[in-house]
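Participant: Structure file input_24.cif (mmCIF, C-alpha atoms) is given on the next line.
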data_entry
loop_
_atom_site.group_PDB
_atom_site.id
_atom_site.type_symbol
_atom_site.label_atom_id
_atom_site.label_comp_id
_atom_site.auth_asym_id
_atom_site.auth_seq_id
_atom_site.Cartn_x
_atom_site.Cartn_y
_atom_site.Cartn_z
ATOM 1 C CA MET A 140 74.525 104.708 114.197
ATOM 2 C CA LYS A 141 78.149 104.454 115.293
ATOM 3 C CA ILE A 142 81.172 102.933 113.528
ATOM 4 C CA LEU A 143 83.960 101.551 115.674
ATOM 5 C CA THR A 144 87.175 99.892 114.541
ATOM 6 C CA CYS A 145 89.736 97.650 116.146
ATOM 7 C CA ASN A 146 93.362 97.501 114.990
ATOM 8 C CA SER A 147 93.239 94.943 112.168
ATOM 9 C CA ASN A 148 92.357 97.246 109.258
ATOM 10 C CA ARG A 149 91.889 100.848 110.331
ATOM 11 C CA PRO A 150 92.276 102.279 106.779
ATOM 12 C CA LEU A 151 89.238 100.281 105.624
ATOM 13 C CA ALA A 152 87.188 101.451 108.609
ATOM 14 C CA GLU A 153 88.186 105.057 107.913
ATOM 15 C CA ALA A 154 87.181 104.693 104.259
ATOM 16 C CA ILE A 155 83.801 103.269 105.314
ATOM 17 C CA SER A 156 83.212 106.096 107.796
ATOM 18 C CA ASN A 157 84.221 108.711 105.202
ATOM 19 C CA TYR A 158 81.758 107.224 102.713
ATOM 20 C CA LEU A 159 79.015 107.463 105.347
ATOM 21 C CA ASN A 160 80.176 110.941 106.433
ATOM 22 C CA LEU A 161 80.358 109.637 109.980
ATOM 23 C CA ALA A 162 83.323 109.965 112.361
ATOM 24 C CA LEU A 163 84.749 106.802 113.887
ATOM 25 C CA THR A 164 83.779 106.246 117.504
ATOM 26 C CA SER A 165 86.616 107.098 119.873
ATOM 27 C CA ALA A 166 88.016 103.997 121.567
ATOM 28 C CA SER A 167 91.296 102.643 122.926
ATOM 29 C CA ILE A 168 92.253 99.068 122.062
ATOM 30 C CA ARG A 169 95.625 98.278 123.520
ATOM 31 C CA ARG A 170 97.708 95.602 125.232
ATOM 32 C CA PHE A 171 98.860 95.097 128.782
ATOM 33 C CA SER A 172 102.518 94.157 129.261
ATOM 34 C CA ASP A 173 101.622 90.454 129.050
ATOM 35 C CA MET A 174 99.760 91.129 125.734
ATOM 36 C CA GLU A 175 96.258 90.817 127.177
ATOM 37 C CA VAL A 176 93.752 92.882 125.191
ATOM 38 C CA PHE A 177 92.151 95.881 126.882
ATOM 39 C CA VAL A 178 89.315 97.905 125.335
ATOM 40 C CA GLU A 179 87.908 101.222 126.490
ATOM 41 C CA ILE A 180 85.198 103.066 124.548
ATOM 42 C CA HIS A 181 85.315 106.811 125.119
ATOM 43 C CA GLU A 182 81.803 107.674 123.889
ATOM 44 C CA ASN A 183 78.355 106.832 125.172
ATOM 45 C CA VAL A 184 76.913 103.885 123.197
ATOM 46 C CA ARG A 185 73.777 103.278 125.247
ATOM 47 C CA GLY A 186 70.866 102.608 122.911
ATOM 48 C CA GLU A 187 73.049 103.006 119.800
ATOM 49 C CA ASP A 188 73.266 100.854 116.668
ATOM 50 C CA VAL A 189 77.008 100.046 116.649
ATOM 51 C CA PHE A 190 79.052 98.468 113.834
ATOM 52 C CA VAL A 191 82.480 97.044 114.726
ATOM 53 C CA VAL A 192 84.876 96.726 111.769
ATOM 54 C CA GLN A 193 87.512 94.038 112.357
ATOM 55 C CA PRO A 194 88.779 91.489 109.807
ATOM 56 C CA THR A 195 90.281 88.517 111.636
ATOM 57 C CA SER A 196 93.346 88.269 109.411
ATOM 58 C CA PHE A 197 96.971 87.746 110.506
ATOM 59 C CA PRO A 198 97.609 87.628 113.408
ATOM 60 C CA ALA A 199 94.253 85.860 113.439
ATOM 61 C CA ASN A 200 94.105 85.021 117.141
ATOM 62 C CA ASP A 201 95.047 88.529 118.295
ATOM 63 C CA ASN A 202 92.554 90.175 115.939
ATOM 64 C CA LEU A 203 89.811 87.731 116.886
ATOM 65 C CA MET A 204 90.403 88.429 120.585
ATOM 66 C CA GLU A 205 90.254 92.193 119.942
ATOM 67 C CA LEU A 206 86.878 91.707 118.267
ATOM 68 C CA LEU A 207 85.500 89.553 121.083
ATOM 69 C CA VAL A 208 86.594 91.923 123.858
ATOM 70 C CA THR A 209 85.214 94.920 121.946
ATOM 71 C CA LEU A 210 81.854 93.185 121.488
ATOM 72 C CA ASP A 211 81.749 92.458 125.210
ATOM 73 C CA ALA A 212 82.570 96.085 126.041
ATOM 74 C CA LEU A 213 79.738 97.303 123.827
ATOM 75 C CA ARG A 214 77.267 94.805 125.281
ATOM 76 C CA ARG A 215 78.156 95.914 128.796
ATOM 77 C CA GLY A 216 77.835 99.528 127.617
ATOM 78 C CA SER A 217 74.170 98.813 126.727
ATOM 79 C CA ALA A 218 74.426 99.269 122.961
ATOM 80 C CA ARG A 219 71.008 98.619 121.395
ATOM 81 C CA ARG A 220 72.345 96.465 118.567
ATOM 82 C CA ILE A 221 75.918 95.320 117.862
ATOM 83 C CA THR A 222 76.952 94.249 114.367
ATOM 84 C CA ALA A 223 80.336 92.606 113.836
ATOM 85 C CA VAL A 224 81.609 93.675 110.400
ATOM 86 C CA VAL A 225 84.212 91.018 109.571
ATOM 87 C CA PRO A 226 85.235 91.477 105.909
ATOM 88 C CA TYR A 227 87.698 88.588 106.181
ATOM 89 C CA PHE A 228 86.388 85.830 108.431
ATOM 90 C CA GLY A 229 89.390 83.926 109.801
ATOM 91 C CA TYR A 230 89.137 80.163 110.383
ATOM 92 C CA ALA A 231 86.562 79.952 107.563
ATOM 93 C CA ARG A 232 88.576 77.252 105.804
ATOM 94 C CA GLN A 233 88.098 74.948 108.790
ATOM 95 C CA ASP A 234 84.412 74.499 108.025
ATOM 96 C CA ARG A 235 84.192 70.693 108.281
ATOM 97 C CA LYS A 236 86.013 67.738 109.788
ATOM 98 C CA SER A 237 88.927 67.166 107.417
ATOM 99 C CA GLY A 238 89.888 63.944 109.186
ATOM 100 C CA PRO A 239 89.394 61.980 112.412
ATOM 101 C CA ARG A 240 89.637 63.999 115.637
ATOM 102 C CA THR A 241 89.869 67.385 113.914
ATOM 103 C CA PRO A 242 87.886 70.518 114.856
ATOM 104 C CA ILE A 243 85.315 72.555 112.991
ATOM 105 C CA SER A 244 86.927 75.836 114.008
ATOM 106 C CA ALA A 245 84.621 78.028 111.917
ATOM 107 C CA LYS A 246 81.681 76.894 114.064
ATOM 108 C CA LEU A 247 83.685 77.541 117.245
ATOM 109 C CA VAL A 248 84.471 81.103 116.123
ATOM 110 C CA ALA A 249 80.808 81.658 115.234
ATOM 111 C CA ASN A 250 79.847 80.612 118.770
ATOM 112 C CA LEU A 251 82.476 82.906 120.277
ATOM 113 C CA VAL A 252 81.291 85.931 118.297
ATOM 114 C CA THR A 253 77.678 85.284 119.276
ATOM 115 C CA THR A 254 78.484 84.713 122.948
ATOM 116 C CA ALA A 255 80.627 87.861 123.087
ATOM 117 C CA GLY A 256 77.574 89.959 122.265
ATOM 118 C CA ALA A 257 77.133 90.327 118.504
ATOM 119 C CA ASP A 258 73.519 90.627 117.356
ATOM 120 C CA ARG A 259 74.425 90.440 113.675
ATOM 121 C CA VAL A 260 77.426 89.683 111.466
ATOM 122 C CA VAL A 261 78.404 91.181 108.115
ATOM 123 C CA THR A 262 81.128 89.459 106.126
ATOM 124 C CA LEU A 263 82.400 89.211 102.565
ATOM 125 C CA ASP A 264 82.748 86.149 100.312
ATOM 126 C CA LEU A 265 82.736 83.417 102.932
ATOM 127 C CA HIS A 266 84.913 80.474 101.969
ATOM 128 C CA SER A 267 81.824 78.267 101.901
ATOM 129 C CA GLY A 268 78.155 79.120 102.076
ATOM 130 C CA GLN A 269 77.326 76.644 104.831
ATOM 131 C CA ILE A 270 79.185 78.784 107.376
ATOM 132 C CA GLN A 271 76.125 81.043 107.380
ATOM 133 C CA GLY A 272 74.330 78.206 109.159
ATOM 134 C CA PHE A 273 76.968 78.098 111.896
ATOM 135 C CA PHE A 274 75.555 81.330 113.317
ATOM 136 C CA ASP A 275 72.377 81.505 115.382
ATOM 137 C CA ILE A 276 72.148 85.248 114.659
ATOM 138 C CA PRO A 277 71.490 86.995 111.319
ATOM 139 C CA LEU A 278 74.459 87.021 108.948
ATOM 140 C CA ASP A 279 74.851 89.032 105.747
ATOM 141 C CA ASN A 280 77.386 87.449 103.393
ATOM 142 C CA LEU A 281 78.274 90.126 100.842
ATOM 143 C CA TYR A 282 79.849 89.433 97.450
ATOM 144 C CA ALA A 283 82.778 91.167 95.798
ATOM 145 C CA ALA A 284 81.384 90.287 92.364
ATOM 146 C CA PRO A 285 80.005 93.794 91.593
ATOM 147 C CA VAL A 286 83.347 95.374 92.514
ATOM 148 C CA PHE A 287 85.251 92.856 90.388
ATOM 149 C CA THR A 288 82.974 93.125 87.357
ATOM 150 C CA ASN A 289 83.271 96.920 87.322
ATOM 151 C CA ASP A 290 87.064 96.699 87.447
ATOM 152 C CA ILE A 291 87.257 93.943 84.823
ATOM 153 C CA THR A 292 84.982 95.916 82.513
ATOM 154 C CA HIS A 293 87.258 98.936 82.897
ATOM 155 C CA HIS A 294 90.492 97.044 82.191
ATOM 156 C CA PHE A 295 89.407 94.364 79.697
ATOM 157 C CA GLN A 296 87.830 95.222 76.375
ATOM 158 C CA GLY A 297 86.889 92.824 73.567
ATOM 159 C CA ASP A 298 85.209 89.445 73.255
ATOM 160 C CA ASP A 299 88.305 87.310 73.932
ATOM 161 C CA LEU A 300 87.794 87.404 77.714
ATOM 162 C CA MET A 301 87.582 84.055 79.519
ATOM 163 C CA ILE A 302 86.658 83.769 83.212
ATOM 164 C CA VAL A 303 88.410 80.826 84.858
ATOM 165 C CA SER A 304 87.675 79.027 88.112
ATOM 166 C CA PRO A 305 90.924 77.707 89.626
ATOM 167 C CA ASP A 306 89.103 74.684 91.060
ATOM 168 C CA VAL A 307 85.761 72.948 90.924
ATOM 169 C CA GLY A 308 84.704 74.433 94.273
ATOM 170 C CA GLY A 309 84.827 77.982 92.894
ATOM 171 C CA VAL A 310 82.659 77.384 89.831
ATOM 172 C CA VAL A 311 79.565 79.115 91.264
ATOM 173 C CA ARG A 312 81.569 82.273 92.036
ATOM 174 C CA ALA A 313 83.256 82.306 88.624
ATOM 175 C CA ARG A 314 79.988 81.609 86.793
ATOM 176 C CA LEU A 315 78.325 84.570 88.528
ATOM 177 C CA ILE A 316 81.011 86.942 87.277
ATOM 178 C CA ALA A 317 81.055 85.348 83.807
ATOM 179 C CA ARG A 318 77.298 85.856 83.565
ATOM 180 C CA ARG A 319 77.578 89.505 84.606
ATOM 181 C CA LEU A 320 80.263 90.072 81.949
ATOM 182 C CA ASP A 321 78.632 87.873 79.284
ATOM 183 C CA ALA A 322 81.934 85.991 79.062
ATOM 184 C CA ASP A 323 82.835 82.324 78.601
ATOM 185 C CA LEU A 324 83.814 80.110 81.523
ATOM 186 C CA ALA A 325 86.635 77.593 81.947
ATOM 187 C CA ILE A 326 87.433 75.363 84.918
ATOM 188 C CA ILE A 327 90.757 74.034 86.161
ATOM 189 C CA ASP A 328 90.764 70.525 87.573
ATOM 190 C CA LYS A 329 93.486 70.182 90.213
ATOM 191 C CA ARG A 330 94.624 67.542 92.630
ATOM 192 C CA ARG A 331 95.847 68.683 96.036
ATOM 193 C CA GLU A 332 98.400 66.240 97.436
ATOM 194 C CA ARG A 333 98.699 67.958 100.827
ATOM 195 C CA ALA A 334 97.703 71.231 102.480
ATOM 196 C CA GLY A 335 99.264 74.254 100.794
ATOM 197 C CA VAL A 336 100.433 72.315 97.722
ATOM 198 C CA SER A 337 98.385 71.961 94.538
ATOM 199 C CA GLU A 338 99.016 70.382 91.177
ATOM 200 C CA VAL A 339 97.107 71.426 88.066
ATOM 201 C CA MET A 340 95.874 68.404 86.152
ATOM 202 C CA ASN A 341 93.521 69.550 83.391
ATOM 203 C CA ILE A 342 91.742 72.573 81.908
ATOM 204 C CA ILE A 343 88.065 72.195 81.063
ATOM 205 C CA GLY A 344 87.427 74.618 78.221
ATOM 206 C CA ASP A 345 89.379 76.009 75.251
ATOM 207 C CA VAL A 346 91.520 78.934 76.395
ATOM 208 C CA ARG A 347 93.707 79.215 73.289
ATOM 209 C CA GLY A 348 93.971 82.846 72.182
ATOM 210 C CA ARG A 349 91.932 84.067 75.143
ATOM 211 C CA ARG A 350 92.715 86.591 77.883
ATOM 212 C CA CYS A 351 92.034 84.598 81.019
ATOM 213 C CA VAL A 352 90.901 86.014 84.360
ATOM 214 C CA LEU A 353 91.075 83.671 87.344
ATOM 215 C CA VAL A 354 88.495 84.332 90.079
ATOM 216 C CA ASP A 355 88.803 83.042 93.657
ATOM 217 C CA ASP A 356 87.881 83.953 97.238
ATOM 218 C CA ILE A 357 91.208 83.511 99.080
ATOM 219 C CA VAL A 358 94.831 83.599 97.957
ATOM 220 C CA ASP A 359 97.112 82.332 100.724
ATOM 221 C CA SER A 360 100.270 80.564 99.516
ATOM 222 C CA ALA A 361 99.346 81.506 95.900
ATOM 223 C CA GLY A 362 100.396 78.047 94.745
ATOM 224 C CA THR A 363 97.043 77.326 93.119
ATOM 225 C CA LEU A 364 96.940 80.634 91.215
ATOM 226 C CA CYS A 365 100.534 80.417 90.033
ATOM 227 C CA ASN A 366 100.177 76.802 88.891
ATOM 228 C CA ALA A 367 96.915 77.694 87.183
ATOM 229 C CA SER A 368 98.466 80.659 85.373
ATOM 230 C CA GLU A 369 101.319 78.487 84.089
ATOM 231 C CA ALA A 370 98.873 75.830 82.876
ATOM 232 C CA LEU A 371 96.735 78.428 81.084
ATOM 233 C CA ILE A 372 99.738 79.946 79.308
ATOM 234 C CA LYS A 373 100.874 76.457 78.221
ATOM 235 C CA ALA A 374 97.332 75.831 76.925
ATOM 236 C CA GLY A 375 97.591 78.896 74.666
ATOM 237 C CA ALA A 376 96.114 81.734 76.710
ATOM 238 C CA THR A 377 97.450 85.120 75.577
ATOM 239 C CA SER A 378 97.479 86.529 79.135
ATOM 240 C CA VAL A 379 96.420 85.579 82.656
ATOM 241 C CA SER A 380 95.207 87.847 85.447
ATOM 242 C CA ALA A 381 93.487 87.018 88.730
ATOM 243 C CA TYR A 382 90.826 88.637 90.905
ATOM 244 C CA VAL A 383 90.742 87.372 94.492
ATOM 245 C CA THR A 384 88.660 88.771 97.347
ATOM 246 C CA HIS A 385 90.978 88.118 100.285
ATOM 247 C CA GLY A 386 94.716 88.608 99.835
ATOM 248 C CA VAL A 387 96.113 86.584 102.738
ATOM 249 C CA LEU A 388 99.434 86.129 100.884
ATOM 250 C CA SER A 389 101.390 84.423 103.657
ATOM 251 C CA GLY A 390 104.982 83.208 103.622
ATOM 252 C CA GLY A 391 106.610 83.481 100.209
ATOM 253 C CA ALA A 392 103.334 84.104 98.367
ATOM 254 C CA VAL A 393 104.210 87.628 97.174
ATOM 255 C CA ALA A 394 107.515 86.481 95.662
ATOM 256 C CA ARG A 395 105.717 83.546 94.059
ATOM 257 C CA VAL A 396 103.185 85.891 92.437
ATOM 258 C CA THR A 397 105.808 88.374 91.194
ATOM 259 C CA ASN A 398 107.756 85.527 89.551
ATOM 260 C CA SER A 399 104.676 83.909 87.987
ATOM 261 C CA PRO A 400 103.073 84.476 84.550
ATOM 262 C CA LEU A 401 100.289 86.485 86.235
ATOM 263 C CA GLU A 402 100.080 89.925 84.644
ATOM 264 C CA ASN A 403 97.992 91.222 87.540
ATOM 265 C CA LEU A 404 96.668 89.941 90.829
ATOM 266 C CA VAL A 405 93.815 92.164 91.971
ATOM 267 C CA ILE A 406 92.757 91.845 95.616
ATOM 268 C CA THR A 407 90.378 93.834 97.788
ATOM 269 C CA ASP A 408 91.314 95.763 100.913
ATOM 270 C CA SER A 409 89.408 93.329 103.170
ATOM 271 C CA ILE A 410 92.891 92.640 104.584
ATOM 272 C CA GLN A 411 95.309 95.523 105.049
ATOM 273 C CA ALA A 412 98.153 95.255 102.534
ATOM 274 C CA THR A 413 101.632 94.496 103.821
ATOM 275 C CA GLU A 414 104.675 96.424 102.600
ATOM 276 C CA ALA A 415 105.590 93.499 100.351
ATOM 277 C CA VAL A 416 102.141 93.497 98.756
ATOM 278 C CA ALA A 417 102.217 97.271 98.232
ATOM 279 C CA ALA A 418 105.637 97.040 96.582
ATOM 280 C CA ALA A 419 104.804 94.153 94.230
ATOM 281 C CA HIS A 420 104.634 95.294 90.609
ATOM 282 C CA ASN A 421 101.796 92.968 89.629
ATOM 283 C CA ILE A 422 99.567 93.113 92.735
ATOM 284 C CA ARG A 423 96.867 95.773 92.973
ATOM 285 C CA GLN A 424 94.230 96.527 95.610
ATOM 286 C CA ILE A 425 90.714 97.787 94.985
ATOM 287 C CA SER A 426 88.443 99.051 97.735
ATOM 288 C CA ILE A 427 85.345 97.362 99.108
ATOM 289 C CA ALA A 428 84.639 100.346 101.381
ATOM 290 C CA PRO A 429 81.680 101.663 99.303
ATOM 291 C CA LEU A 430 80.116 98.190 99.232
ATOM 292 C CA MET A 431 80.564 97.673 102.965
ATOM 293 C CA ALA A 432 79.389 101.198 103.768
ATOM 294 C CA GLU A 433 76.245 100.867 101.655
ATOM 295 C CA SER A 434 75.448 97.556 103.351
ATOM 296 C CA ILE A 435 75.949 99.073 106.810
ATOM 297 C CA GLN A 436 73.664 101.986 105.899
ATOM 298 C CA ARG A 437 70.950 99.637 104.672
ATOM 299 C CA ILE A 438 71.154 97.431 107.749
ATOM 300 C CA SER A 439 70.881 100.463 110.024
ATOM 301 C CA GLU A 440 67.847 101.713 108.107
ATOM 302 C CA GLU A 441 66.273 98.219 107.958
ATOM 303 C CA ARG A 442 66.436 98.156 104.148
ATOM 304 C CA SER A 443 67.261 95.261 101.827
ATOM 305 C CA VAL A 444 70.913 94.287 101.484
ATOM 306 C CA SER A 445 70.410 91.526 98.918
ATOM 307 C CA SER A 446 69.108 94.057 96.359
ATOM 308 C CA LEU A 447 72.683 95.412 96.151
ATOM 309 C CA PHE A 448 73.568 92.317 94.123
ATOM 310 C CA ASP A 449 70.540 92.073 91.819
#
Output the structure of this file as structure tokens.
Facilitator:
Amino acid sequence: MKILTCNSNRPLAEAISNYLNLALTSASIRRFSDMEVFVEIHENVRGEDVFVVQPTSFPANDNLMELLVTLDALRRGSARRITAVVPYFGYARQDRKSGPRTPISAKLVANLVTTAGADRVVTLDLHSGQIQGFFDIPLDNLYAAPVFTNDITHHFQGDDLMIVSPDVGGVVRARLIARRLDADLAIIDKRRERAGVSEVMNIIGDVRGRRCVLVDDIVDSAGTLCNASEALIKAGATSVSAYVTHGVLSGGAVARVTNSPLENLVITDSIQATEAVAAAHNIRQISIAPLMAESIQRISEERSVSSLFD
């Protein structure tokens, strides 16, 4: 087995390789003067089981192209099996036609990854489950729920905990964590007027006197989380925190979070933290490296991955 990383999130790849006690495969992934991607792998990969770690986060197109060219290099180097480990799968939010003459970009990216040479894909908390069907190769969609429940258990004691889904679409995810923690569940009903802007309309459940923990898969502009936290405080919640798998946090999101009622926003290291994220007083990262590493080990040894989440 070999672990190879592109440039998107090298610290995560190093943490995974350290967990597995396996050195990263030596490779050069650089740019020509016109910014074309060039990949050169400095070790023999013929007949090897190779895992390529590359979240396709910002800049999404550059990181996606790095992944595709690396997959092609491995295929042409006669690797026995190539697994694309994509903790954050970019373009996942474009998983359906949102209007006339619009693309389904998640399906396009799935086709690109397959055509480039991937035999398998490992990802984490896909935006929607149906994306698994966009791939014609095996896909393992891991869940951050075990990582979140361990951290919540460590930081929240008492029976006043309330897990909250920030929208109806995230109820399944929030219910899973609530069940693991034996906690109550509330749901926020929101109306989105346009992309990137959300308005909280109603809270389903009694949050008065409760410590609320919002659970979501992606935080981008942070508008939904911040509006939700304000609504929960107005409804009588004693505190509001949030656990989100993928901290995209684009534009003014970090400033929005630091100025919101959120006591803590906990994100995973599926996306490498920016300087602004690292400096924010109420944003904290927890590592998914052990989860990803254990999954990689099981895939390589042809053992069950789903049993990790039983």
Participant: Distance atom CA of Asp355 of chain A-atom CA of Ile326 of chain A, one decimal place?
Facilitator: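 These two atoms are separated by 11.7 Å.
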Participant: Find the residue from A:Arg169, A:Arg219, A:Lys329, A:Arg347 that sits nearest to Leu300 of chain A; use all atoms listed in the file when measuring.
Facilitator: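 Closest residue, counting all atoms listed in the file: A:Arg347.
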Participant: If we count only C-alpha atoms, what is near segment 303-306 of chain A at a cut-off of 6 Å, once residues fewer than 3 positions away on the same chain are taken out, given as a list in words?
Facilitator: Gly309, Val310, Ala313, Leu324, Ala325, Ile326, Ile327, Asp328, Val352, Leu353 and Val354 of chain A
Participant: Rounded to one decimal place, report the atom CA of Gly297 of chain A-atom CA of Gly348 of chain A distance in Å.
Facilitator: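 Distance reported for this atom pair: 12.3 Å.
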Participant: Just want the 7 Å neighbourhood of Ser147 of chain A, counted on all atoms listed in the file, with same-chain residues fewer than 6 positions away dropped. Output as a list in words.
Facilitator: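 Surrounding residues, per the criterion: Gln193, Pro194 and Asn202 of chain A.
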Participant: Tell me, counting all atoms listed in the file, for each residue of segment 384-420 of chain A within 10 Å of segment 426-438 of chain A, which pair of atoms is nearest and how far apart they are in Å to one decimal, in rows ordered by chain and increasing number, as JSON lines.
Facilitator:
{"residue": "A:Thr384", "atom": "CA", "partner": "A:Ile427", "partner_atom": "CA", "distance": 9.4}
{"residue": "A:Ile406", "atom": "CA", "partner": "A:Ser426", "partner_atom": "CA", "distance": 8.7}
{"residue": "A:Thr407", "atom": "CA", "partner": "A:Ser426", "partner_atom": "CA", "distance": 5.6}
{"residue": "A:Asp408", "atom": "CA", "partner": "A:Ser426", "partner_atom": "CA", "distance": 5.4}
{"residue": "A:Ser409", "atom": "CA", "partner": "A:Ile427", "partner_atom": "CA", "distance": 7.0}
Participant: Given the selection you just returned, output its residues as a file containing C-alpha atoms, formatted as an mmCIF file, in the frame of the given file.
Facilitator:
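Output file out-v1.cif follows:
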data_model
loop_
_atom_site.group_PDB
_atom_site.id
_atom_site.type_symbol
_atom_site.label_atom_id
_atom_site.label_comp_id
_atom_site.auth_asym_id
_atom_site.auth_seq_id
_atom_site.Cartn_x
_atom_site.Cartn_y
_atom_site.Cartn_z
ATOM 1 C CA THR A 384 88.660 88.771 97.347
ATOM 2 C CA ILE A 406 92.757 91.845 95.616
ATOM 3 C CA THR A 407 90.378 93.834 97.788
ATOM 4 C CA ASP A 408 91.314 95.763 100.913
ATOM 5 C CA SER A 409 89.408 93.329 103.170
#
Participant: Would you translate the PyMOL selection byres ((chain A and resi 140) around 10) into the concrete set of residues it matches in this file, as a PyMOL selection string?
Facilitator: chain A and resi 141-142+161+164+184+186-190+220+435-436+439-440
Participant: Counting only C-alpha atoms, which residues have an atom no more than 12 Å from (82.0, 80.4, 95.2) in the file's coordinates? Please list them as number ranges by chain.
Facilitator: A: 263-269, 280-284, 304-316, 354-357, 383-384
Participant: Please write out, as JSON, where the centre of an axis-aligned box around all listed atoms of segment 244-252 of chain A lies and how long its edges are, in Å to one decimal, after adding 3 Å on each side.
Facilitator:
{"center_x": 83.4, "center_y": 80.9, "center_z": 116.1, "size_x": 13.1, "size_y": 16.1, "size_z": 14.4}
Participant: Restricting the calculation to all atoms listed in the file: of A:Ala418, A:Ala152, A:Cys365, A:Ala322, which residue gets closest to Val224 of chain A?
Facilitator: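 Among the listed residues, A:Ala152 lies closest to Val224 of chain A.
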Participant: Restrict the calculation to all atoms listed in the file, then for each residue of segment 182-261 of chain A with any atom at most 12 Å from an atom of segment 389-404 of chain A give the closest atom pair and their distance in Å to one decimal, rows by chain and rising residue number, as a tab-separated table.
Facilitator:
residue	atom	partner	partner_atom	distance
A:Ser196	CA	A:Ser389	CA	10.6
A:Phe197	CA	A:Ser389	CA	8.8
A:Pro198	CA	A:Ser389	CA	10.9
Participant: Atom CA of Leu206 of chain A and atom CA of Glu153 of chain A are how many Å apart?
Facilitator: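 Separation of atom CA of Leu206 of chain A and atom CA of Glu153 of chain A: 16.9 Å.
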Participant: Name every residue that the PyMOL selection byres ((chain A and resi 412) around 10) selects in this structure, writing the answer as a ChimeraX atom specification with chains first and numbers rising.
Facilitator: /A:148,386-388,406-411,413-418,423-424
Participant: Since the input is missing atoms, can you rebuild N, CA, C and O atoms for segment 298-310 of chain A and write them as a PDB file, keeping the file's coordinate frame?
Facilitator:
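Writing the result to out-v5.pdb gives the following:
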ATOM      1  N   ASP A 298      85.979  90.662  73.018  1.00  0.00           N
ATOM      2  CA  ASP A 298      85.209  89.445  73.255  1.00  0.00           C
ATOM      3  C   ASP A 298      86.108  88.223  73.469  1.00  0.00           C
ATOM      4  O   ASP A 298      85.637  87.084  73.389  1.00  0.00           O
ATOM      5  N   ASP A 299      87.399  88.448  73.708  1.00  0.00           N
ATOM      6  CA  ASP A 299      88.305  87.310  73.932  1.00  0.00           C
ATOM      7  C   ASP A 299      88.514  87.030  75.418  1.00  0.00           C
ATOM      8  O   ASP A 299      89.416  86.287  75.796  1.00  0.00           O
ATOM      9  N   LEU A 300      87.663  87.598  76.270  1.00  0.00           N
ATOM     10  CA  LEU A 300      87.794  87.404  77.714  1.00  0.00           C
ATOM     11  C   LEU A 300      87.257  86.032  78.113  1.00  0.00           C
ATOM     12  O   LEU A 300      86.208  85.598  77.638  1.00  0.00           O
ATOM     13  N   MET A 301      87.992  85.361  78.999  1.00  0.00           N
ATOM     14  CA  MET A 301      87.582  84.055  79.519  1.00  0.00           C
ATOM     15  C   MET A 301      87.724  84.083  81.040  1.00  0.00           C
ATOM     16  O   MET A 301      88.815  84.326  81.565  1.00  0.00           O
ATOM     17  N   ILE A 302      86.617  83.874  81.756  1.00  0.00           N
ATOM     18  CA  ILE A 302      86.658  83.769  83.212  1.00  0.00           C
ATOM     19  C   ILE A 302      87.004  82.329  83.570  1.00  0.00           C
ATOM     20  O   ILE A 302      86.448  81.384  83.006  1.00  0.00           O
ATOM     21  N   VAL A 303      87.920  82.158  84.519  1.00  0.00           N
ATOM     22  CA  VAL A 303      88.410  80.826  84.858  1.00  0.00           C
ATOM     23  C   VAL A 303      88.273  80.597  86.358  1.00  0.00           C
ATOM     24  O   VAL A 303      88.691  81.428  87.162  1.00  0.00           O
ATOM     25  N   SER A 304      87.694  79.448  86.711  1.00  0.00           N
ATOM     26  CA  SER A 304      87.675  79.027  88.112  1.00  0.00           C
ATOM     27  C   SER A 304      88.897  78.159  88.367  1.00  0.00           C
ATOM     28  O   SER A 304      89.131  77.193  87.632  1.00  0.00           O
ATOM     29  N   PRO A 305      89.702  78.474  89.391  1.00  0.00           N
ATOM     30  CA  PRO A 305      90.924  77.707  89.626  1.00  0.00           C
ATOM     31  C   PRO A 305      90.692  76.316  90.197  1.00  0.00           C
ATOM     32  O   PRO A 305      91.620  75.525  90.290  1.00  0.00           O
ATOM     33  N   ASP A 306      89.453  76.031  90.605  1.00  0.00           N
ATOM     34  CA  ASP A 306      89.103  74.684  91.060  1.00  0.00           C
ATOM     35  C   ASP A 306      87.608  74.496  90.930  1.00  0.00           C
ATOM     36  O   ASP A 306      86.858  75.441  90.671  1.00  0.00           O
ATOM     37  N   VAL A 307      87.178  73.268  91.094  1.00  0.00           N
ATOM     38  CA  VAL A 307      85.761  72.948  90.924  1.00  0.00           C
ATOM     39  C   VAL A 307      84.912  73.653  91.980  1.00  0.00           C
ATOM     40  O   VAL A 307      83.787  74.078  91.716  1.00  0.00           O
ATOM     41  N   GLY A 308      85.460  73.818  93.189  1.00  0.00           N
ATOM     42  CA  GLY A 308      84.704  74.433  94.273  1.00  0.00           C
ATOM     43  C   GLY A 308      84.345  75.890  94.030  1.00  0.00           C
ATOM     44  O   GLY A 308      83.421  76.410  94.640  1.00  0.00           O
ATOM     45  N   GLY A 309      85.083  76.567  93.144  1.00  0.00           N
ATOM     46  CA  GLY A 309      84.827  77.982  92.894  1.00  0.00           C
ATOM     47  C   GLY A 309      84.003  78.261  91.654  1.00  0.00           C
ATOM     48  O   GLY A 309      83.911  79.426  91.217  1.00  0.00           O
ATOM     49  N   VAL A 310      83.386  77.230  91.100  1.00  0.00           N
ATOM     50  CA  VAL A 310      82.659  77.384  89.831  1.00  0.00           C
ATOM     51  C   VAL A 310      81.482  78.344  89.977  1.00  0.00           C
ATOM     52  O   VAL A 310      81.240  79.185  89.095  1.00  0.00           O
TER      53      VAL A 310
END
